[in-house]
file start.pdb (PDB, C-alpha atoms)
ATOM      1  CA  MET N   1      30.592 -42.766 -31.911  1.00  0.00           C
ATOM      2  CA  LYS N   2      28.199 -45.340 -33.323  1.00  0.00           C
ATOM      3  CA  SER N   3      25.433 -46.911 -31.348  1.00  0.00           C
ATOM      4  CA  ILE N   4      25.795 -50.548 -30.358  1.00  0.00           C
ATOM      5  CA  LEU N   5      22.719 -51.239 -32.498  1.00  0.00           C
ATOM      6  CA  GLU N   6      24.255 -49.652 -35.598  1.00  0.00           C
ATOM      7  CA  ILE N   7      27.090 -51.219 -37.563  1.00  0.00           C
ATOM      8  CA  SER N   8      28.542 -49.374 -40.566  1.00  0.00           C
ATOM      9  CA  ASN N   9      25.354 -47.402 -41.222  1.00  0.00           C
ATOM     10  CA  VAL N  10      23.181 -50.541 -41.046  1.00  0.00           C
ATOM     11  CA  LYS N  11      20.585 -50.517 -38.295  1.00  0.00           C
ATOM     12  CA  ILE N  12      20.405 -53.874 -36.516  1.00  0.00           C
ATOM     13  CA  ILE N  13      16.862 -53.736 -35.073  1.00  0.00           C
ATOM     14  CA  PRO N  14      15.072 -54.230 -38.441  1.00  0.00           C
ATOM     15  CA  TYR N  15      17.273 -57.273 -39.100  1.00  0.00           C
ATOM     16  CA  ILE N  16      16.493 -58.670 -35.672  1.00  0.00           C
ATOM     17  CA  ILE N  17      12.794 -58.234 -36.472  1.00  0.00           C
ATOM     18  CA  LEU N  18      13.385 -59.987 -39.807  1.00  0.00           C
ATOM     19  CA  PHE N  19      15.104 -62.932 -38.127  1.00  0.00           C
ATOM     20  CA  VAL N  20      12.297 -63.145 -35.558  1.00  0.00           C
ATOM     21  CA  SER N  21       9.918 -63.301 -38.518  1.00  0.00           C
ATOM     22  CA  ILE N  22      11.923 -66.190 -39.945  1.00  0.00           C
ATOM     23  CA  LEU N  23      11.877 -68.006 -36.589  1.00  0.00           C
ATOM     24  CA  PHE N  24       8.098 -67.575 -36.259  1.00  0.00           C
ATOM     25  CA  SER N  25       7.636 -68.818 -39.818  1.00  0.00           C
ATOM     26  CA  ILE N  26       9.747 -71.914 -39.190  1.00  0.00           C
ATOM     27  CA  SER N  27       7.993 -72.586 -35.881  1.00  0.00           C
ATOM     28  CA  GLY N  28       4.558 -72.149 -37.432  1.00  0.00           C
ATOM     29  CA  GLN N  29       5.357 -74.539 -40.276  1.00  0.00           C
ATOM     30  CA  LEU N  30       6.728 -77.155 -37.868  1.00  0.00           C
ATOM     31  CA  LEU N  31       3.658 -76.789 -35.645  1.00  0.00           C
ATOM     32  CA  MET N  32       1.392 -77.241 -38.685  1.00  0.00           C
ATOM     33  CA  LYS N  33       3.261 -80.420 -39.610  1.00  0.00           C
ATOM     34  CA  TYR N  34       3.018 -81.671 -36.018  1.00  0.00           C
ATOM     35  CA  THR N  35      -0.709 -80.900 -35.912  1.00  0.00           C
ATOM     36  CA  MET N  36      -1.407 -82.707 -39.170  1.00  0.00           C
ATOM     37  CA  SER N  37       0.824 -85.668 -38.251  1.00  0.00           C
ATOM     38  CA  HIS N  38      -0.898 -86.226 -34.913  1.00  0.00           C
ATOM     39  CA  THR N  39      -4.499 -86.141 -36.019  1.00  0.00           C
ATOM     40  CA  ASP N  40      -6.265 -89.315 -34.994  1.00  0.00           C
ATOM     41  CA  GLU N  41      -9.877 -88.307 -34.435  1.00  0.00           C
ATOM     42  CA  GLY N  42     -10.552 -85.999 -37.347  1.00  0.00           C
ATOM     43  CA  LEU N  43     -10.271 -82.496 -38.667  1.00  0.00           C
ATOM     44  CA  LEU N  44     -13.188 -81.103 -36.664  1.00  0.00           C
ATOM     45  CA  ASP N  45     -12.009 -82.366 -33.290  1.00  0.00           C
ATOM     46  CA  TRP N  46     -11.685 -79.568 -30.692  1.00  0.00           C
ATOM     47  CA  VAL N  47      -8.095 -80.482 -29.731  1.00  0.00           C
ATOM     48  CA  PHE N  48      -7.071 -80.541 -33.395  1.00  0.00           C
ATOM     49  CA  LEU N  49      -8.618 -77.102 -33.996  1.00  0.00           C
ATOM     50  CA  GLN N  50      -6.774 -75.675 -30.974  1.00  0.00           C
ATOM     51  CA  LYS N  51      -3.425 -77.031 -32.190  1.00  0.00           C
ATOM     52  CA  LEU N  52      -4.087 -75.745 -35.688  1.00  0.00           C
ATOM     53  CA  ALA N  53      -5.088 -72.311 -34.340  1.00  0.00           C
ATOM     54  CA  LEU N  54      -1.821 -72.155 -32.384  1.00  0.00           C
ATOM     55  CA  ALA N  55       0.212 -73.133 -35.453  1.00  0.00           C
ATOM     56  CA  VAL N  56      -1.498 -70.576 -37.682  1.00  0.00           C
ATOM     57  CA  SER N  57      -1.180 -67.879 -34.973  1.00  0.00           C
ATOM     58  CA  VAL N  58       2.559 -68.447 -34.677  1.00  0.00           C
ATOM     59  CA  TYR N  59       2.891 -68.331 -38.452  1.00  0.00           C
ATOM     60  CA  CYS N  60       0.864 -65.080 -38.523  1.00  0.00           C
ATOM     61  CA  LEU N  61       3.228 -63.542 -35.958  1.00  0.00           C
ATOM     62  CA  GLY N  62       5.940 -64.204 -38.527  1.00  0.00           C
ATOM     63  CA  ILE N  63       3.947 -62.314 -41.138  1.00  0.00           C
ATOM     64  CA  VAL N  64       3.467 -59.341 -38.793  1.00  0.00           C
ATOM     65  CA  ASN N  65       7.201 -59.238 -38.070  1.00  0.00           C
ATOM     66  CA  TRP N  66       7.897 -59.517 -41.811  1.00  0.00           C
ATOM     67  CA  ILE N  67       5.744 -56.466 -42.475  1.00  0.00           C
ATOM     68  CA  LEU N  68       7.514 -54.537 -39.715  1.00  0.00           C
ATOM     69  CA  ALA N  69      10.934 -55.519 -41.049  1.00  0.00           C
ATOM     70  CA  LEU N  70      10.029 -54.316 -44.540  1.00  0.00           C
ATOM     71  CA  ARG N  71       9.665 -50.785 -43.182  1.00  0.00           C
ATOM     72  CA  SER N  72      13.466 -50.539 -43.017  1.00  0.00           C
ATOM     73  CA  VAL N  73      15.042 -53.519 -44.785  1.00  0.00           C
ATOM     74  CA  LYS N  74      15.282 -53.496 -48.569  1.00  0.00           C
ATOM     75  CA  LEU N  75      13.041 -56.126 -50.120  1.00  0.00           C
ATOM     76  CA  SER N  76      15.931 -57.248 -52.344  1.00  0.00           C
ATOM     77  CA  ILE N  77      17.789 -58.188 -49.151  1.00  0.00           C
ATOM     78  CA  ALA N  78      14.900 -59.288 -46.918  1.00  0.00           C
ATOM     79  CA  TYR N  79      13.364 -61.744 -49.365  1.00  0.00           C
ATOM     80  CA  PRO N  80      16.532 -63.767 -50.003  1.00  0.00           C
ATOM     81  CA  LEU N  81      17.079 -63.941 -46.236  1.00  0.00           C
ATOM     82  CA  THR N  82      13.764 -65.742 -45.905  1.00  0.00           C
ATOM     83  CA  SER N  83      15.529 -68.637 -47.606  1.00  0.00           C
ATOM     84  CA  LEU N  84      16.808 -69.380 -44.124  1.00  0.00           C
ATOM     85  CA  ASN N  85      13.357 -70.926 -43.657  1.00  0.00           C
ATOM     86  CA  TYR N  86      14.611 -73.849 -45.753  1.00  0.00           C
ATOM     87  CA  VAL N  87      17.503 -74.381 -43.372  1.00  0.00           C
ATOM     88  CA  GLY N  88      15.334 -74.169 -40.263  1.00  0.00           C
ATOM     89  CA  ILE N  89      12.717 -76.503 -41.698  1.00  0.00           C
ATOM     90  CA  LEU N  90      15.388 -79.013 -42.733  1.00  0.00           C
ATOM     91  CA  PHE N  91      16.898 -79.184 -39.247  1.00  0.00           C
ATOM     92  CA  GLY N  92      13.513 -78.940 -37.504  1.00  0.00           C
ATOM     93  CA  SER N  93      12.195 -81.819 -39.593  1.00  0.00           C
ATOM     94  CA  TYR N  94      15.233 -83.870 -38.672  1.00  0.00           C
ATOM     95  CA  TYR N  95      14.978 -83.094 -34.966  1.00  0.00           C
ATOM     96  CA  PHE N  96      11.190 -83.232 -34.450  1.00  0.00           C
ATOM     97  CA  PHE N  97      10.033 -85.675 -37.119  1.00  0.00           C
ATOM     98  CA  ASN N  98      13.094 -87.897 -37.594  1.00  0.00           C
ATOM     99  CA  GLU N  99      13.339 -87.019 -41.277  1.00  0.00           C
ATOM    100  CA  VAL N 100      16.572 -87.975 -43.008  1.00  0.00           C
ATOM    101  CA  ILE N 101      19.129 -85.328 -43.961  1.00  0.00           C
ATOM    102  CA  THR N 102      20.977 -86.590 -47.018  1.00  0.00           C
ATOM    103  CA  LEU N 103      24.196 -85.276 -48.518  1.00  0.00           C
ATOM    104  CA  THR N 104      22.151 -83.811 -51.353  1.00  0.00           C
ATOM    105  CA  ARG N 105      20.058 -81.815 -48.871  1.00  0.00           C
ATOM    106  CA  ILE N 106      23.192 -80.632 -47.067  1.00  0.00           C
ATOM    107  CA  ALA N 107      24.645 -79.513 -50.417  1.00  0.00           C
ATOM    108  CA  GLY N 108      21.385 -77.664 -51.098  1.00  0.00           C
ATOM    109  CA  VAL N 109      21.541 -75.869 -47.734  1.00  0.00           C
ATOM    110  CA  ILE N 110      25.161 -74.870 -48.356  1.00  0.00           C
ATOM    111  CA  THR N 111      24.154 -73.564 -51.782  1.00  0.00           C
ATOM    112  CA  ILE N 112      21.364 -71.540 -50.187  1.00  0.00           C
ATOM    113  CA  PHE N 113      23.811 -70.057 -47.665  1.00  0.00           C
ATOM    114  CA  ILE N 114      26.249 -69.093 -50.406  1.00  0.00           C
ATOM    115  CA  GLY N 115      23.418 -67.524 -52.389  1.00  0.00           C
ATOM    116  CA  ILE N 116      22.254 -65.547 -49.354  1.00  0.00           C
ATOM    117  CA  LEU N 117      25.773 -64.280 -48.776  1.00  0.00           C
ATOM    118  CA  LEU N 118      26.104 -63.208 -52.412  1.00  0.00           C
ATOM    119  CA  VAL N 119      22.869 -61.234 -52.229  1.00  0.00           C
ATOM    120  CA  VAL N 120      23.137 -59.736 -48.749  1.00  0.00           C
ATOM    121  CA  ILE N 121      26.806 -58.854 -48.354  1.00  0.00           C
ATOM    122  CA  PRO N 122      27.746 -56.020 -50.697  1.00  0.00           C
ATOM    123  CA  LEU N 123      31.130 -56.389 -52.345  1.00  0.00           C
ATOM    124  CA  LYS N 124      31.565 -52.640 -52.637  1.00  0.00           C
ATOM    125  CA  LYS N 125      29.430 -49.595 -52.129  1.00  0.00           C
ATOM    126  CA  PRO N 126      27.466 -48.253 -55.094  1.00  0.00           C
ATOM    127  CA  ILE N 127      28.719 -44.984 -56.491  1.00  0.00           C
TER
END
call {"tool": "encode", "arguments": {"input": "start.pdb", "output": "structure tokens"}}
result
Amino acid sequence: MKSILEISNVKIIPYIILFVSILFSISGQLLMKYTMSHTDEGLLDWVFLQKLALAVSVYCLGIVNWILALRSVKLSIAYPLTSLNYVGILFGSYYFFNEVITLTRIAGVITIFIGILLVVIPLKKPI
């Protein structure tokens, strides 16, 4: 009987760590954009430096999770999955910064999803 955290010989925990890495990366990038967009006083202001430190720290947590995920996830699968950053940034930019999502951008996101599926989901097992 297979564990709940194991599906057809694929361990789920490393993929959860990978997706947490992606979420931290997206969050860090959005926080960096927010920090740079809301800078009135200057780049050496104490409040600005605190916001920037938070943004970079969140982004670094993504890097740490990425390294942990690479212990078990093949790089040829993990790296294409990081393309989900594009999707998260697109929707985060729309939600937090009122950026426009055009049909061209939607087509690009759909293309990214199809590409991820082609790389990640094996059609048949290697011999």
call {"tool": "closest_residue", "arguments": {"input": "start.pdb", "among": "N:Ile17, N:Leu31, N:Leu54, N:Met36", "to": "N:Ala78", "atoms": "all atoms listed in the file"}}
result
N:Ile17
call {"tool": "resolve_selection", "arguments": {"input": "start.pdb", "expression": "the PyMOL selection byres ((chain N and resi 60) around 12)", "output": "list of chain:residue names"}}
result
N:Val20, N:Ser21, N:Ile22, N:Leu23, N:Phe24, N:Ser25, N:Ile26, N:Ser27, N:Gly28, N:Gln29, N:Ala53, N:Leu54, N:Ala55, N:Val56, N:Ser57, N:Val58, N:Tyr59, N:Leu61, N:Gly62, N:Ile63, N:Val64, N:Asn65, N:Trp66, N:Ile67
call {"tool": "atom_distance", "arguments": {"input": "start.pdb", "atom1": "atom CA of N:Leu75", "atom2": "atom CA of N:Gly115"}}
result
15.6 Å
call {"tool": "atom_distance", "arguments": {"input": "start.pdb", "atom1": "atom CA of N:Arg105", "atom2": "atom CA of N:Leu90"}}
result
8.2 Å
call {"tool": "closest_residue", "arguments": {"input": "start.pdb", "among": "N:Leu68, N:Asp45, N:Ser37, N:Gln50", "to": "N:Phe19", "atoms": "all atoms listed in the file"}}
result
N:Leu68
call {"tool": "resolve_selection", "arguments": {"input": "start.pdb", "expression": "the PyMOL selection byres ((chain N and resi 87) around 12)", "output": "ChimeraX atom specification"}}
result
/N:22-23,25-26,81-86,88-94,101,105-113,116
call {"tool": "write_last_selection", "arguments": {"input": "start.pdb", "atoms": "C-alpha atoms", "output": "PDB file, in the frame of the given file"}}
result
ATOM      1  CA  ILE N  22      11.923 -66.190 -39.945  1.00  0.00           C
ATOM      2  CA  LEU N  23      11.877 -68.006 -36.589  1.00  0.00           C
ATOM      3  CA  SER N  25       7.636 -68.818 -39.818  1.00  0.00           C
ATOM      4  CA  ILE N  26       9.747 -71.914 -39.190  1.00  0.00           C
ATOM      5  CA  LEU N  81      17.079 -63.941 -46.236  1.00  0.00           C
ATOM      6  CA  THR N  82      13.764 -65.742 -45.905  1.00  0.00           C
ATOM      7  CA  SER N  83      15.529 -68.637 -47.606  1.00  0.00           C
ATOM      8  CA  LEU N  84      16.808 -69.380 -44.124  1.00  0.00           C
ATOM      9  CA  ASN N  85      13.357 -70.926 -43.657  1.00  0.00           C
ATOM     10  CA  TYR N  86      14.611 -73.849 -45.753  1.00  0.00           C
ATOM     11  CA  GLY N  88      15.334 -74.169 -40.263  1.00  0.00           C
ATOM     12  CA  ILE N  89      12.717 -76.503 -41.698  1.00  0.00           C
ATOM     13  CA  LEU N  90      15.388 -79.013 -42.733  1.00  0.00           C
ATOM     14  CA  PHE N  91      16.898 -79.184 -39.247  1.00  0.00           C
ATOM     15  CA  GLY N  92      13.513 -78.940 -37.504  1.00  0.00           C
ATOM     16  CA  SER N  93      12.195 -81.819 -39.593  1.00  0.00           C
ATOM     17  CA  TYR N  94      15.233 -83.870 -38.672  1.00  0.00           C
ATOM     18  CA  ILE N 101      19.129 -85.328 -43.961  1.00  0.00           C
ATOM     19  CA  ARG N 105      20.058 -81.815 -48.871  1.00  0.00           C
ATOM     20  CA  ILE N 106      23.192 -80.632 -47.067  1.00  0.00           C
ATOM     21  CA  ALA N 107      24.645 -79.513 -50.417  1.00  0.00           C
ATOM     22  CA  GLY N 108      21.385 -77.664 -51.098  1.00  0.00           C
ATOM     23  CA  VAL N 109      21.541 -75.869 -47.734  1.00  0.00           C
ATOM     24  CA  ILE N 110      25.161 -74.870 -48.356  1.00  0.00           C
ATOM     25  CA  THR N 111      24.154 -73.564 -51.782  1.00  0.00           C
ATOM     26  CA  ILE N 112      21.364 -71.540 -50.187  1.00  0.00           C
ATOM     27  CA  PHE N 113      23.811 -70.057 -47.665  1.00  0.00           C
ATOM     28  CA  ILE N 116      22.254 -65.547 -49.354  1.00  0.00           C
TER      29      ILE N 116
END
call {"tool": "closest_residue", "arguments": {"input": "start.pdb", "among": "N:Ile121, N:Met32, N:Ile13, N:Ala69", "to": "N:Leu52", "atoms": "all atoms listed in the file"}}
result
N:Met32
call {"tool": "atom_distance", "arguments": {"input": "start.pdb", "atom1": "atom CA of N:Thr102", "atom2": "atom CA of N:Tyr34"}}
result
21.6 Å
call {"tool": "residues_around", "arguments": {"input": "start.pdb", "residues": "N:Leu70", "least_positions_apart": "6", "cutoff": "10 Å", "atoms": "all atoms listed in the file", "output": "MDAnalysis selection string"}}
result
chainID N and resid 14:15 17:18 77:79
call {"tool": "write_last_selection", "arguments": {"input": "start.pdb", "atoms": "C-alpha atoms", "output": "JSON list (two decimals), keeping the file's coordinate frame"}}
result
[["chain", "number", "residue", "atom", "x", "y", "z"],
["N", 14, "PRO", "CA", 15.07, -54.23, -38.44],
["N", 15, "TYR", "CA", 17.27, -57.27, -39.10],
["N", 17, "ILE", "CA", 12.79, -58.23, -36.47],
["N", 18, "LEU", "CA", 13.38, -59.99, -39.81],
["N", 77, "ILE", "CA", 17.79, -58.19, -49.15],
["N", 78, "ALA", "CA", 14.90, -59.29, -46.92],
["N", 79, "TYR", "CA", 13.36, -61.74, -49.36]]
call {"tool": "axis_aligned_box", "arguments": {"input": "start.pdb", "around": "stretch 90-106 of chain N", "padding_each_side": "8 Å", "output": "AutoDock Vina command-line options"}}
result
--center_x 17.1 --center_y -83.5 --center_z -42.9 --size_x 30.2 --size_y 25.0 --size_z 32.9
call {"tool": "closest_residue", "arguments": {"input": "start.pdb", "among": "N:Lys11, N:Lys51, N:Leu118, N:Leu103", "to": "N:Arg71", "atoms": "all atoms listed in the file"}}
result
N:Lys11
